[in-house]
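Enquirer: Just one file: coords.txt, with compact mmCIF, C-alpha atoms.
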# COMPACT_ATOMS: atom_id res chain seq x y z
CA MET A 205 44.18 188.34 3.60
CA THR A 206 45.80 188.89 0.23
CA PRO A 207 49.15 187.87 -1.34
CA LEU A 208 50.07 191.56 -1.38
CA ASP A 209 50.23 191.55 2.43
CA ASN A 210 52.00 188.18 2.71
CA PRO A 211 54.88 188.60 5.21
CA PHE A 212 56.73 185.40 4.40
CA ALA A 213 59.83 185.34 2.23
CA PRO A 214 61.06 181.96 0.97
CA GLY A 215 64.21 182.41 -1.08
CA ALA A 216 67.94 181.77 -1.14
CA GLY A 217 69.29 183.81 1.77
CA THR A 218 66.19 186.00 1.92
CA PRO A 219 65.79 187.31 5.49
CA PRO A 220 62.64 186.00 7.17
CA PRO A 221 60.23 188.40 8.82
CA GLU A 222 61.06 186.80 12.18
CA LEU A 223 64.56 185.42 12.76
CA ALA A 224 63.50 183.07 15.53
CA GLY A 225 65.62 180.87 17.73
CA ARG A 226 69.04 182.34 16.91
CA ASP A 227 69.39 185.15 19.48
CA ALA A 228 71.94 183.37 21.69
CA LEU A 229 74.14 182.52 18.72
CA LEU A 230 74.08 186.06 17.35
CA GLU A 231 74.88 187.48 20.77
CA SER A 232 77.92 185.21 21.10
CA ILE A 233 79.20 186.44 17.72
CA ARG A 234 78.61 190.07 18.74
CA ILE A 235 80.71 189.48 21.84
CA ALA A 236 83.48 187.82 19.82
CA ALA A 237 83.51 190.74 17.35
CA GLU A 238 83.70 193.35 20.10
CA ARG A 239 86.43 191.43 21.93
CA THR A 240 88.35 191.34 18.66
CA ARG A 241 88.05 195.11 18.31
CA ARG A 242 89.36 195.49 21.87
CA LEU A 243 92.34 193.24 21.02
CA LEU A 244 91.10 190.54 23.41
CA ALA A 245 91.19 186.85 22.59
CA ALA A 246 88.25 185.54 20.56
CA ARG A 247 87.95 182.46 18.38
CA SER A 248 86.71 182.63 14.82
CA VAL A 249 83.33 180.96 14.31
CA LEU A 250 82.34 178.27 11.82
CA LEU A 251 78.60 177.66 11.47
CA LEU A 252 77.84 174.10 10.38
CA GLY A 253 74.46 172.90 9.13
CA LEU A 254 72.39 171.34 6.40
CA ARG A 255 70.79 173.28 3.56
CA GLY A 256 67.75 175.25 4.60
CA VAL A 257 68.71 175.95 8.22
CA GLY A 258 69.36 179.65 7.56
CA LYS A 259 73.16 179.88 7.59
CA THR A 260 73.27 182.54 4.87
CA VAL A 261 70.62 184.61 6.64
CA LEU A 262 72.69 184.46 9.83
CA LEU A 263 75.82 185.61 7.98
CA ASP A 264 73.91 188.51 6.48
CA ARG A 265 72.73 189.53 9.94
CA VAL A 266 76.30 189.28 11.29
CA HIS A 267 77.47 191.48 8.40
CA ASP A 268 74.80 194.12 8.97
CA GLU A 269 75.35 194.24 12.73
CA ALA A 270 79.13 194.45 12.35
CA GLN A 271 78.82 197.36 9.95
CA GLY A 272 76.32 199.01 12.26
CA ALA A 273 78.85 198.71 15.08
CA GLY A 274 81.49 200.47 12.99
CA LEU A 275 83.53 197.37 12.18
CA ALA A 276 85.19 196.76 8.82
CA THR A 277 83.70 193.82 6.95
CA VAL A 278 84.59 191.55 4.07
CA MET A 279 81.85 189.25 2.78
CA ILE A 280 82.37 186.59 0.12
CA GLU A 281 80.78 183.37 -1.08
CA ALA A 282 83.15 180.53 -1.86
CA THR A 283 82.51 178.50 -5.00
CA ASP A 284 83.29 174.97 -6.12
CA ARG A 285 85.88 176.47 -8.49
CA GLY A 286 88.14 177.59 -5.66
CA ALA A 287 89.90 180.97 -5.93
CA LEU A 288 89.18 182.14 -2.37
CA PRO A 289 92.39 184.26 -2.32
CA ALA A 290 91.24 186.17 -5.40
CA LEU A 291 87.79 186.81 -3.93
CA LEU A 292 89.34 187.85 -0.64
CA ALA A 293 91.81 190.21 -2.32
CA ALA A 294 89.03 192.05 -4.17
CA GLU A 295 87.05 192.64 -0.98
CA LEU A 296 90.13 193.58 1.07
CA HIS A 297 90.95 196.18 -1.58
CA ARG A 298 87.63 197.94 -0.97
CA THR A 299 88.04 197.77 2.79
CA LEU A 300 91.60 199.11 2.77
CA LEU A 301 90.63 201.96 0.46
CA ARG A 302 88.01 203.04 3.00
CA LEU A 303 90.51 202.81 5.88
CA SER A 304 93.14 204.75 3.93
CA ARG A 305 90.75 207.71 3.68
CA GLN A 306 90.23 207.94 7.44
CA GLN A 307 92.16 210.26 9.68
CA HIS A 308 93.52 207.59 12.01
CA GLY A 309 95.66 204.77 10.71
CA ARG A 310 95.76 205.96 7.10
CA ASP A 311 99.51 205.32 6.79
CA LEU A 312 99.09 201.73 7.96
CA ALA A 313 96.15 201.24 5.58
CA SER A 314 98.18 202.68 2.70
CA ARG A 315 101.01 200.28 3.45
CA ALA A 316 98.54 197.39 3.58
CA LEU A 317 97.28 198.44 0.15
CA ARG A 318 100.80 198.24 -1.21
CA VAL A 319 101.25 194.81 0.32
CA LEU A 320 97.91 193.74 -1.18
CA ALA A 321 99.15 194.92 -4.59
CA GLY A 322 102.15 192.60 -4.29
CA PHE A 323 99.98 189.74 -3.05
CA THR A 324 97.62 190.23 -6.00
CA SER A 325 100.48 190.12 -8.49
CA ALA A 326 101.71 186.88 -6.94
CA ILE A 327 98.37 185.07 -7.00
CA ARG A 328 97.61 186.24 -10.53
CA VAL A 329 100.11 183.62 -11.70
CA LYS A 330 97.77 180.92 -10.36
CA TYR A 331 94.42 182.59 -11.03
CA GLY A 332 95.07 183.73 -14.58
CA ASP A 333 91.60 185.17 -15.16
CA PHE A 334 91.78 187.25 -11.99
CA GLU A 335 91.79 190.99 -12.57
CA LEU A 336 92.08 193.58 -9.83
CA GLY A 337 93.44 197.04 -10.50
CA ILE A 338 95.30 198.46 -7.51
CA ASP A 339 96.75 201.85 -8.36
CA VAL A 340 99.73 201.64 -6.04
CA PRO A 341 103.07 199.88 -6.39
CA GLY A 342 103.67 196.72 -4.40
CA GLU A 343 105.74 196.55 -1.23
CA PRO A 344 108.74 194.49 -2.36
CA GLY A 345 109.43 191.33 -0.37
CA VAL A 346 106.17 191.30 1.59
CA ALA A 347 103.37 188.80 0.72
CA ASP A 348 104.62 188.45 -2.84
CA SER A 349 106.62 185.19 -2.75
CA GLY A 350 104.00 183.07 -4.51
CA ASP A 351 103.71 180.74 -1.49
CA LEU A 352 100.03 181.21 -0.60
CA GLU A 353 100.33 180.33 3.08
CA LEU A 354 103.35 182.53 3.74
CA ASP A 355 101.90 185.39 1.74
CA LEU A 356 98.46 185.28 3.35
CA VAL A 357 100.03 185.26 6.82
CA ALA A 358 102.04 188.36 5.88
CA LEU A 359 99.03 190.07 4.28
CA PHE A 360 96.84 189.49 7.33
CA GLY A 361 99.58 190.95 9.48
CA GLU A 362 99.46 194.21 7.53
CA VAL A 363 95.66 194.29 7.25
CA GLY A 364 95.32 193.59 10.97
CA ALA A 365 97.72 196.42 11.80
CA ALA A 366 95.72 198.77 9.57
CA ALA A 367 92.45 197.82 11.27
CA SER A 368 94.01 198.27 14.71
CA GLY A 369 95.45 201.65 13.74
CA SER A 370 91.96 202.73 12.67
CA GLY A 371 90.42 201.59 15.96
CA THR A 372 88.33 198.92 14.34
CA ALA A 373 88.34 195.18 13.62
CA LEU A 374 88.07 193.28 10.37
CA ILE A 375 85.26 190.72 10.26
CA ILE A 376 85.74 188.29 7.38
CA ILE A 377 82.47 186.57 6.46
CA VAL A 378 82.55 183.53 4.16
CA ASP A 379 79.56 181.52 2.98
CA GLU A 380 79.69 178.01 1.47
CA MET A 381 83.10 177.47 3.00
CA GLN A 382 83.02 173.71 2.38
CA TYR A 383 83.98 174.54 -1.22
CA VAL A 384 87.35 176.04 -0.22
CA PRO A 385 90.15 173.69 -1.36
CA LYS A 386 92.38 172.17 1.30
CA ALA A 387 95.45 174.26 0.44
CA GLU A 388 93.48 177.51 0.53
CA LEU A 389 91.78 176.51 3.79
CA ALA A 390 95.17 175.69 5.30
CA ALA A 391 96.55 179.09 4.25
CA LEU A 392 93.54 180.93 5.66
CA SER A 393 93.78 179.00 8.93
CA ALA A 394 97.48 179.76 9.24
CA ALA A 395 96.86 183.48 8.65
CA LEU A 396 94.09 183.58 11.25
CA HIS A 397 96.24 181.61 13.69
CA ARG A 398 99.14 184.05 13.38
CA ALA A 399 96.81 187.04 13.65
CA ALA A 400 95.37 185.58 16.87
CA GLN A 401 98.86 185.02 18.28
CA ARG A 402 99.72 188.66 17.56
CA ARG A 403 96.35 189.87 18.92
CA LEU A 404 95.50 191.52 15.61
CA PRO A 405 91.81 192.46 15.22
CA ILE A 406 90.75 189.93 12.57
CA LEU A 407 87.83 187.55 13.07
CA LEU A 408 86.39 184.99 10.65
CA VAL A 409 82.70 184.10 10.73
CA ALA A 410 81.98 181.45 8.12
CA ALA A 411 79.31 178.91 7.28
CA GLY A 412 79.34 175.59 5.52
CA LEU A 413 77.93 172.10 5.33
CA PRO A 414 78.67 169.67 8.19
CA GLN A 415 81.75 168.21 6.47
CA LEU A 416 83.53 171.54 7.02
CA ARG A 417 84.60 170.44 10.51
CA ALA A 418 86.60 167.51 9.10
CA GLN A 419 87.92 169.62 6.24
CA ALA A 420 89.24 172.23 8.67
CA ALA A 421 90.91 169.56 10.80
CA GLU A 422 92.54 168.00 7.74
CA ALA A 423 93.84 171.39 6.63
CA LYS A 424 95.38 172.28 10.00
CA THR A 425 95.68 170.08 13.07
CA TYR A 426 95.01 173.03 15.38
CA ALA A 427 91.62 173.80 13.79
CA GLU A 428 89.69 172.59 16.86
CA ARG A 429 91.52 175.19 18.95
CA LEU A 430 91.45 177.94 16.33
CA PHE A 431 87.73 177.80 15.51
CA GLU A 432 84.55 177.65 17.50
CA PHE A 433 82.32 175.20 15.66
CA ARG A 434 78.60 175.93 16.08
CA GLU A 435 76.04 173.40 14.88
CA ILE A 436 73.06 175.12 13.25
CA GLY A 437 70.16 172.69 13.32
CA PRO A 438 66.38 172.83 12.95
CA LEU A 439 64.48 175.20 15.20
CA ASP A 440 62.73 173.81 18.25
CA PRO A 441 58.89 173.77 18.19
CA GLY A 442 58.62 177.02 20.15
CA ALA A 443 60.92 178.96 17.83
CA SER A 444 59.27 177.36 14.79
CA GLY A 445 55.90 178.53 16.03
CA ASP A 446 57.23 182.05 16.57
CA ALA A 447 58.61 182.11 13.01
CA ILE A 448 55.04 181.64 11.72
CA ALA A 449 52.79 183.20 14.34
CA LYS A 450 54.64 186.47 14.95
CA PRO A 451 54.65 187.62 11.29
CA VAL A 452 51.00 186.63 10.93
CA ARG A 453 50.00 188.63 13.99
CA ALA A 454 52.16 191.56 12.96
CA ARG A 455 49.89 191.82 9.91
CA GLY A 456 46.80 192.00 12.13
CA ALA A 457 45.76 188.39 11.44
CA ASP A 458 45.88 185.24 13.58
CA ILE A 459 46.43 181.49 13.31
CA THR A 460 44.80 178.72 15.33
CA PRO A 461 46.88 176.44 17.58
CA ASP A 462 45.95 173.38 15.48
CA ALA A 463 47.05 175.04 12.25
CA LEU A 464 50.30 176.17 13.83
CA ARG A 465 51.00 172.71 15.21
CA VAL A 466 50.59 171.07 11.79
CA ILE A 467 52.87 173.59 10.07
CA VAL A 468 55.55 173.14 12.73
CA GLU A 469 55.39 169.35 12.40
CA GLU A 470 55.43 169.36 8.59
CA ALA A 471 58.32 171.84 8.34
CA GLY A 472 60.46 169.82 10.74
CA GLY A 473 61.98 172.98 12.19
CA TYR A 474 63.78 173.95 8.97
CA PRO A 475 63.54 177.74 8.51
CA TYR A 476 63.30 177.57 4.71
CA PHE A 477 60.45 175.07 4.89
CA LEU A 478 58.69 177.24 7.45
CA GLN A 479 58.80 180.18 5.05
CA GLU A 480 57.32 178.07 2.24
CA TRP A 481 54.55 176.89 4.52
CA GLY A 482 53.87 180.38 5.80
CA LYS A 483 53.72 181.89 2.31
CA ASN A 484 51.45 179.25 0.82
CA VAL A 485 49.11 178.98 3.80
CA TRP A 486 48.69 182.76 3.84
CA ASP A 487 47.91 182.82 0.12
CA VAL A 488 45.14 180.19 0.35
CA ALA A 489 43.57 181.53 3.55
CA GLU A 490 40.50 183.65 2.80
CA CYS A 491 40.18 185.20 6.23
CA SER A 492 41.66 185.28 9.72
CA PRO A 493 42.29 183.19 11.69
CA ILE A 494 44.26 180.75 9.53
CA ASP A 495 43.02 177.29 10.46
CA ALA A 496 43.86 173.63 9.85
CA THR A 497 41.69 173.58 6.73
CA ASP A 498 43.86 176.30 5.18
CA VAL A 499 46.97 174.29 6.03
CA ALA A 500 45.55 171.18 4.36
CA ARG A 501 44.64 173.17 1.24
CA ALA A 502 48.15 174.61 1.03
CA SER A 503 49.97 171.28 1.40
CA ALA A 504 50.13 170.43 -2.31
CA GLU A 505 51.31 173.96 -3.15
CA VAL A 506 54.12 173.69 -0.62
CA THR A 507 55.31 170.40 -2.10
CA THR A 508 55.13 171.77 -5.65
CA SER A 509 57.02 174.91 -4.70
CA LEU A 510 59.78 173.04 -2.87
CA ASP A 511 60.13 170.52 -5.70
CA ALA A 512 60.35 173.21 -8.38
CA GLY A 513 62.87 175.40 -6.55
CA PHE A 514 64.65 174.17 -3.45
CA PHE A 515 65.03 170.56 -4.58
CA ARG A 516 65.00 170.75 -8.38
CA ALA A 517 67.81 173.30 -8.60
CA ARG A 518 70.10 170.78 -6.95
CA PHE A 519 68.77 167.74 -8.80
CA ASP A 520 69.39 169.32 -12.20
CA ARG A 521 73.12 169.68 -11.48
CA LEU A 522 73.54 165.92 -11.13
CA THR A 523 74.66 163.31 -13.64
CA LEU A 524 72.53 160.23 -14.18
CA ALA A 525 74.93 158.12 -12.12
CA GLN A 526 74.73 160.61 -9.26
CA LYS A 527 70.92 160.67 -9.43
CA ARG A 528 70.81 156.89 -9.25
CA TYR A 529 73.11 156.91 -6.24
CA LEU A 530 70.87 159.39 -4.40
CA ARG A 531 67.76 157.47 -5.42
CA ALA A 532 69.22 154.32 -3.88
CA MET A 533 69.87 156.28 -0.70
CA ALA A 534 66.30 157.54 -0.77
CA GLU A 535 64.98 153.99 -1.08
CA LEU A 536 66.72 153.23 2.20
CA GLY A 537 65.17 156.26 3.94
CA SER A 538 66.37 159.59 5.23
CA GLY A 539 69.82 158.37 6.34
CA PRO A 540 72.60 158.08 7.20
CA HIS A 541 73.34 154.90 5.26
CA ARG A 542 76.33 152.63 5.00
CA SER A 543 78.12 152.57 1.67
CA GLY A 544 77.60 148.81 1.48
CA GLU A 545 73.84 149.21 1.78
CA ILE A 546 73.75 151.73 -1.06
CA ALA A 547 75.94 149.50 -3.23
CA ARG A 548 73.63 146.54 -2.66
CA MET A 549 70.62 148.61 -3.69
CA LEU A 550 72.36 149.37 -6.99
CA GLY A 551 73.85 145.91 -7.49
CA ARG A 552 77.37 147.37 -7.56
CA LYS A 553 80.58 147.06 -5.58
CA VAL A 554 81.38 149.73 -3.01
CA SER A 555 84.69 150.48 -4.71
CA ALA A 556 82.97 151.04 -8.05
CA LEU A 557 80.69 153.67 -6.49
CA GLY A 558 83.49 155.49 -4.68
CA PRO A 559 84.03 158.12 -7.40
CA THR A 560 80.30 158.89 -7.58
CA ARG A 561 80.10 159.32 -3.82
CA ALA A 562 83.17 161.59 -3.86
CA GLN A 563 81.60 163.71 -6.61
CA LEU A 564 78.39 164.08 -4.60
CA ILE A 565 80.36 165.17 -1.54
CA ALA A 566 82.24 167.71 -3.66
CA LYS A 567 78.92 169.06 -4.99
CA GLY A 568 77.60 169.42 -1.44
CA MET A 569 74.81 166.89 -1.90
CA VAL A 570 75.92 164.33 0.70
CA TRP A 571 78.31 164.21 3.62
CA SER A 572 79.86 161.62 5.90
CA ALA A 573 79.49 161.93 9.65
CA ALA A 574 81.52 158.74 10.19
CA HIS A 575 83.69 156.52 8.04
CA GLY A 576 81.55 154.62 5.55
CA ASP A 577 78.38 156.59 6.34
CA THR A 578 76.60 158.77 3.79
CA ASP A 579 73.81 161.23 4.52
CA PHE A 580 71.91 163.90 2.62
CA THR A 581 72.88 167.54 3.11
CA VAL A 582 69.41 168.64 1.95
CA PRO A 583 66.54 167.95 4.37
CA ALA A 584 63.74 165.74 2.99
CA PHE A 585 65.68 165.10 -0.21
CA ASP A 586 64.91 161.38 0.12
CA ARG A 587 61.18 162.10 -0.30
CA PHE A 588 61.85 164.34 -3.28
CA MET A 589 63.95 161.65 -4.97
CA ARG A 590 61.16 159.12 -4.53
CA ARG A 591 58.70 161.57 -6.07
CA ILE A 592 60.84 162.55 -9.06
CA MET A 593 62.16 159.04 -9.79
CA PRO A 594 59.22 156.85 -8.74
CA GLY A 595 59.86 153.74 -10.83
CA GLY A 596 62.61 151.14 -10.69
CA GLU A 597 64.56 152.33 -13.70
CA TRP A 598 67.08 154.06 -11.44
CA ARG A 599 68.50 150.65 -10.58
CA GLY A 600 70.08 150.66 -14.02
Go ahead and express the file in the form of structure tokens.
Expert:
Amino acid sequence: MTPLDNPFAPGAGTPPPELAGRDALLESIRIAAERTRRLLAARSVLLLGLRGVGKTVLLDRVHDEAQGAGLATVMIEATDRGALPALLAAELHRTLLRLSRQQHGRDLASRALRVLAGFTSAIRVKYGDFELGIDVPGEPGVADSGDLELDLVALFGEVGAAASGSGTALIIIVDEMQYVPKAELAALSAALHRAAQRRLPILLVAAGLPQLRAQAAEAKTYAERLFEFREIGPLDPGASGDAIAKPVRARGADITPDALRVIVEEAGGYPYFLQEWGKNVWDVAECSPIDATDVARASAEVTTSLDAGFFRARFDRLTLAQKRYLRAMAELGSGPHRSGEIARMLGRKVSALGPTRAQLIAKGMVWSAAHGDTDFTVPAFDRFMRRIMPGGEWRG
């Protein structure tokens, strides 16, 4: 057993060798996409889950399968700087160019390109650094008013007609959707809602942190009817075991039941953690089968690797006040915690800590499942905070 043959792939959005435990979810999205192509009713899908549960990997699989099925796709990653319309326009431009070169529906695709040109000119006023060269004149009076919601509804109408005329569907895939500002999320929801009413073949498959459900509801009251919210949690023990054992055996090696049990327990069902365990256990194992001794030897390497990458990358983006807030949460345990409890740990008033909490929510570090509750969005981040800030200085 050598690192050269290691099948495991820890990384941001890196596809695992075995995508375990998600078959039913992927099949439901395949059905929704095909129903959309056939102009049958299907709800857009929002995948909600903590960091490390594999949301990005799932979106990549949805993208690949949609393209393989001959569907048009748009894939973007939202950022904490907003500008979803600009990102969407750039990807729609590429898609419409492809459709305009096809035999069927080219006239509708060409019209949609002209409408997109007008839309782009209108949003450039708001997104001043946005550059997108569309070599066609705009379609006057369509999607160019400067009102984002009205314009996006009109644009989706033209894009949907172009997709229908080409005998396909447009699958819009958005990662990190919790970063989309309320006004942009409202406009996107309105455009999807109108497209659904008109039975236009447009489907959104997006992923975000758990707070996305509340954000969608705040943006549009009909969000619960427009979207199908799917909770993406840790894998069950059987799927977790498959995620480790199947890649090992595919390489002609094996792993003992005791070793597998320990890895499954330590990883807590989180796909990213499973990949880190698989990689490091493989690297330390001298021969097959991998046993519990190999797992014990790899434990420190797993912790070091997670601390240096998965956890540290997020920690380094925080201010000192934000780090102290999270350290107080960590002192209380894994969560969720009441705001009053956190304030008492820091010797501060709840109102004084409100801005810090809001900043951490905006950065995607914490979320609130209920009013006054705060929880980590990163699994095991409480243990990391206790390791990296072990003393009492964080109390300020």
Enquirer: Within 12 Å of region 547-557 of chain A, which residues of region 565-590 of chain A show up? Give each one with its shortest atom-to-atom distance in Å (one decimal) and the two atoms involved, counting all atoms listed in the file, rows by chain then rising residue number, as CSV.
Expert:
residue,atom,partner,partner_atom,distance
A:Gly576,CA,A:Val554,CA,9.9
A:Asp577,CA,A:Val554,CA,12.0
A:Thr578,CA,A:Ala547,CA,11.6
Enquirer: If you count all atoms listed in the file, which residues fall within 10 Å of region 345-348 of chain A, apart from same-chain ones fewer than 2 positions away, as an MDAnalysis selection string?
Expert: chainID A and resid 316 318:327 342:343 350:362
Enquirer: Save out the residues we just selected, C-alpha atoms, as a PDB file, in the coordinates of the input.
Expert:
ATOM      1  CA  ALA A 316      98.540 197.390   3.580  1.00  0.00           C
ATOM      2  CA  ARG A 318     100.800 198.240  -1.210  1.00  0.00           C
ATOM      3  CA  VAL A 319     101.250 194.810   0.320  1.00  0.00           C
ATOM      4  CA  LEU A 320      97.910 193.740  -1.180  1.00  0.00           C
ATOM      5  CA  ALA A 321      99.150 194.920  -4.590  1.00  0.00           C
ATOM      6  CA  GLY A 322     102.150 192.600  -4.290  1.00  0.00           C
ATOM      7  CA  PHE A 323      99.980 189.740  -3.050  1.00  0.00           C
ATOM      8  CA  THR A 324      97.620 190.230  -6.000  1.00  0.00           C
ATOM      9  CA  SER A 325     100.480 190.120  -8.490  1.00  0.00           C
ATOM     10  CA  ALA A 326     101.710 186.880  -6.940  1.00  0.00           C
ATOM     11  CA  ILE A 327      98.370 185.070  -7.000  1.00  0.00           C
ATOM     12  CA  GLY A 342     103.670 196.720  -4.400  1.00  0.00           C
ATOM     13  CA  GLU A 343     105.740 196.550  -1.230  1.00  0.00           C
ATOM     14  CA  GLY A 350     104.000 183.070  -4.510  1.00  0.00           C
ATOM     15  CA  ASP A 351     103.710 180.740  -1.490  1.00  0.00           C
ATOM     16  CA  LEU A 352     100.030 181.210  -0.600  1.00  0.00           C
ATOM     17  CA  GLU A 353     100.330 180.330   3.080  1.00  0.00           C
ATOM     18  CA  LEU A 354     103.350 182.530   3.740  1.00  0.00           C
ATOM     19  CA  ASP A 355     101.900 185.390   1.740  1.00  0.00           C
ATOM     20  CA  LEU A 356      98.460 185.280   3.350  1.00  0.00           C
ATOM     21  CA  VAL A 357     100.030 185.260   6.820  1.00  0.00           C
ATOM     22  CA  ALA A 358     102.040 188.360   5.880  1.00  0.00           C
ATOM     23  CA  LEU A 359      99.030 190.070   4.280  1.00  0.00           C
ATOM     24  CA  PHE A 360      96.840 189.490   7.330  1.00  0.00           C
ATOM     25  CA  GLY A 361      99.580 190.950   9.480  1.00  0.00           C
ATOM     26  CA  GLU A 362      99.460 194.210   7.530  1.00  0.00           C
TER      27      GLU A 362
END
Enquirer: Taking the point (85.8, 177.2, 14.5) as given in the file, collect each protein or nucleic acid residue that comes within 10 Å of it, counting only C-alpha atoms, and present the set as a VMD selection string.
Expert: chain A and resid 247 to 252 393 408 to 411 416 to 417 420 to 421 427 to 434
Enquirer: May I ask for the distance between CA of Ile436 (chain A) and CA of Ile592 (chain A), given in Å to one decimal place?
Expert: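 Between CA of Ile436 (chain A) and CA of Ile592 (chain A) the gap is 28.4 Å.
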Enquirer: Please list as a PDB file with C-alpha atoms, in the frame of the given file every residue within 8 Å of region 278-295 of chain A, counting only C-alpha atoms and excluding residues in the same chain fewer than 4 positions away.
Expert:
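Writing done, so here's part-v9.pdb:
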ATOM      1  CA  HIS A 267      77.470 191.480   8.400  1.00  0.00           C
ATOM      2  CA  THR A 299      88.040 197.770   2.790  1.00  0.00           C
ATOM      3  CA  LEU A 320      97.910 193.740  -1.180  1.00  0.00           C
ATOM      4  CA  THR A 324      97.620 190.230  -6.000  1.00  0.00           C
ATOM      5  CA  ILE A 327      98.370 185.070  -7.000  1.00  0.00           C
ATOM      6  CA  TYR A 331      94.420 182.590 -11.030  1.00  0.00           C
ATOM      7  CA  PHE A 334      91.780 187.250 -11.990  1.00  0.00           C
ATOM      8  CA  LEU A 336      92.080 193.580  -9.830  1.00  0.00           C
ATOM      9  CA  LEU A 374      88.070 193.280  10.370  1.00  0.00           C
ATOM     10  CA  ILE A 375      85.260 190.720  10.260  1.00  0.00           C
ATOM     11  CA  ILE A 376      85.740 188.290   7.380  1.00  0.00           C
ATOM     12  CA  ILE A 377      82.470 186.570   6.460  1.00  0.00           C
ATOM     13  CA  VAL A 378      82.550 183.530   4.160  1.00  0.00           C
ATOM     14  CA  ASP A 379      79.560 181.520   2.980  1.00  0.00           C
ATOM     15  CA  GLU A 380      79.690 178.010   1.470  1.00  0.00           C
ATOM     16  CA  MET A 381      83.100 177.470   3.000  1.00  0.00           C
ATOM     17  CA  TYR A 383      83.980 174.540  -1.220  1.00  0.00           C
ATOM     18  CA  VAL A 384      87.350 176.040  -0.220  1.00  0.00           C
ATOM     19  CA  PRO A 385      90.150 173.690  -1.360  1.00  0.00           C
ATOM     20  CA  GLU A 388      93.480 177.510   0.530  1.00  0.00           C
ATOM     21  CA  ALA A 566      82.240 167.710  -3.660  1.00  0.00           C
ATOM     22  CA  LYS A 567      78.920 169.060  -4.990  1.00  0.00           C
TER      23      LYS A 567
END
Enquirer: For a quick check of understanding, using only C-alpha atoms, which of A:Leu510, A:Ala213, A:Ile565, A:Leu524 has the smallest distance to Ala584 (chain A)?
Expert: A:Leu510
Enquirer: Can you tell me how far CA of Asp511 (chain A) sits from CA of Ala525 (chain A), in Å to one decimal?
Expert: 20.3 Å
Enquirer: Ranking A:Ala245, A:Leu275, A:Ala443, A:Ala387 by minimum distance to Ala367 (chain A) and counting all atoms listed in the file, which one comes first?
Expert: A:Leu275
Enquirer: Go ahead and compute the interatomic distance for CA of Thr507 (chain A) and CA of Val488 (chain A), in Å to one decimal.
Expert: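 We find that CA of Thr507 (chain A) and CA of Val488 (chain A) lie 14.3 Å from each other.
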